[in-house]
Amino acid sequence: MWPNFNLFTLYKFLGALVGFFLLGRNFFGALIGFVIGSLIDSMTVTVRTGKGNSGDMFDYYRQHAGGSRSDFATMLMSLSAAVMRADGKVLKAELDFIKSFFSQQFGPHFTKEHLQVLKHFLEGADIPLEQICADIKMRTQVEVRIQLLHYLFGLAKSDGHVADTELSVLRRISSLLEIPSADFESIKSMFYRDANSDYHVLGIEATATEEEIKKAYRQMAIRYHPDKVAHMGEEYQKGAKEKFQKVQESYEAIKKQRGIV
């Protein structure tokens with residue numbers, strides 16, 4: 001019976017054979033060739049098994065994100081892991097935030113298997129954000145992607161602070177999902193508060209005129225209205241209502257400050 005060889009394990013023996021003939025037909029040539037072949041073999045197996053390979057991570061993502069509503073959790077888990085990995089530590093507050101969100105969003109469909117998916121993304125190779133975001137962008141409307149960004153900001157802020165590294169990842173995800181920069185800055189200002197946050201929530205600067213303020217409020221009120229994600233789960237609608245409320249609060253604060261009636 002033939003030995004159980006395959007193309008990958010043969011590299012070391014082919015290398016030994018080539019080394020033997022090319023380097024003077026001696027033992028040391030064969031040894032050098034064997035070592036080089038072994039390296040090629042191990043590198044090939046690494047690619048084949050996916051260890052340390054972000055391509056394997058995307059294969060894993062595709063296996064779990066099949067397109068159904070429950071599989072949409074994989075999209076969220078992969079992006080959640082990217083944000084959680086940004087500052088180099090995974091906190092209990094972040095895990096509690098995810099469990100609370102997913103249990104409300106997916107109900108009985110949320111299982112320990114989803115947490116295993118999160119664990120895989122947290123402990124695996126680099127997360128292929130470009131490919132995952134391209135897949136999410138293809139499947140969803142911009143209103144849903146904006147709501148995803150709001151969720152991710154909530155996750156980043158769950159420990160009370162959004163680190164610069166987390167903000168950088170959030171900005172990258174937003175760009176890959178093709179979320180307009182005005183929407184990114186608006187949502188960011190809901191979590192980062194300063195003297196001009198209310199203006200930035202509306203997507204304008206503090207120098208805006210009264211008419212520009214009113215126009216910006218009307219546009220944001222329409223864009224962030226909860227009806228935009230009415231087809232999504234209860235937790236999405238809850239987040240949409242919170243975002244819509246922030247827009248109204250910012251507008252009222254500016255009106256009071258400016259004396260606008």
# chains A, B, ... in the order shown; residues from 1 in each chain; ligands from 1

$ select_by_dssp --residues "region 36-236 of chain A" --states "alpha helix (DSSP H)" --output "PyMOL selection string"
chain A and resi 36-49+54-64+72-86+92-106+112-123+129-139+142-156+164-176+181-191+197-201+210-223+234-236

$ residues_around --residues "region 144-158 of chain A" --least-positions-apart "5" --cutoff "7 Å" --atoms "only C-alpha atoms" --output "ChimeraX atom specification"
/A:80,83,93-94,97,166,174,177,179,187,229,240

$ closest_residue --among "A:Gly160, A:Lys228, A:Lys188, A:Phe110" --to "Gln141 (chain A)" --atoms "only C-alpha atoms"
A:Lys228

$ closest_residue --among "A:Arg62, A:Arg85, A:His225, A:Lys99" --to "Ile127 (chain A)" --atoms "only C-alpha atoms"
A:Arg85

$ atom_distance --atom1 "CA of Ser175 (chain A)" --atom2 "CA of Asp159 (chain A)"
24.2 Å

$ closest_atom_pairs --of "region 126-187 of chain A" --to "region 194-201 of chain A" --cutoff "10 Å" --atoms "only C-alpha atoms" --output "Markdown table"
| residue | atom | partner | partner_atom | distance |
| --- | --- | --- | --- | --- |
| A:Ala182 | CA | A:His200 | CA | 8.5 |
| A:Asp183 | CA | A:Val201 | CA | 8.4 |
| A:Phe184 | CA | A:Val201 | CA | 9.4 |
| A:Glu185 | CA | A:His200 | CA | 6.6 |
| A:Ser186 | CA | A:Val201 | CA | 4.0 |
| A:Ile187 | CA | A:Val201 | CA | 6.6 |

$ write_last_selection --atoms "N, CA and C atoms" --output "compact mmCIF listing (two decimals), in the first residue's frame"
# COMPACT_ATOMS: atom_id res chain seq x y z
N ALA A 182 -21.00 62.93 7.54
CA ALA A 182 -21.87 63.75 8.38
C ALA A 182 -22.60 62.88 9.41
N ASP A 183 -23.01 61.69 8.98
CA ASP A 183 -23.68 60.77 9.90
C ASP A 183 -22.71 60.25 10.94
N PHE A 184 -21.48 59.96 10.52
CA PHE A 184 -20.48 59.50 11.48
C PHE A 184 -20.24 60.56 12.55
N GLU A 185 -20.04 61.80 12.13
CA GLU A 185 -19.77 62.86 13.09
C GLU A 185 -20.97 63.10 13.99
N SER A 186 -22.17 62.96 13.45
CA SER A 186 -23.38 63.15 14.24
C SER A 186 -23.46 62.10 15.35
N ILE A 187 -23.26 60.84 14.98
CA ILE A 187 -23.33 59.77 15.97
C ILE A 187 -22.18 59.89 16.97

$ residues_around --residues "Glu210 (chain A)" --least-positions-apart "2" --cutoff "12 Å" --atoms "only C-alpha atoms" --output "ChimeraX atom specification"
/A:199,204-208,212-217,251,254-255,257-261

$ closest_residue --among "A:Gln105, A:Ser168, A:Gln116, A:Ser181" --to "Gly203 (chain A)" --atoms "only C-alpha atoms"
A:Ser181
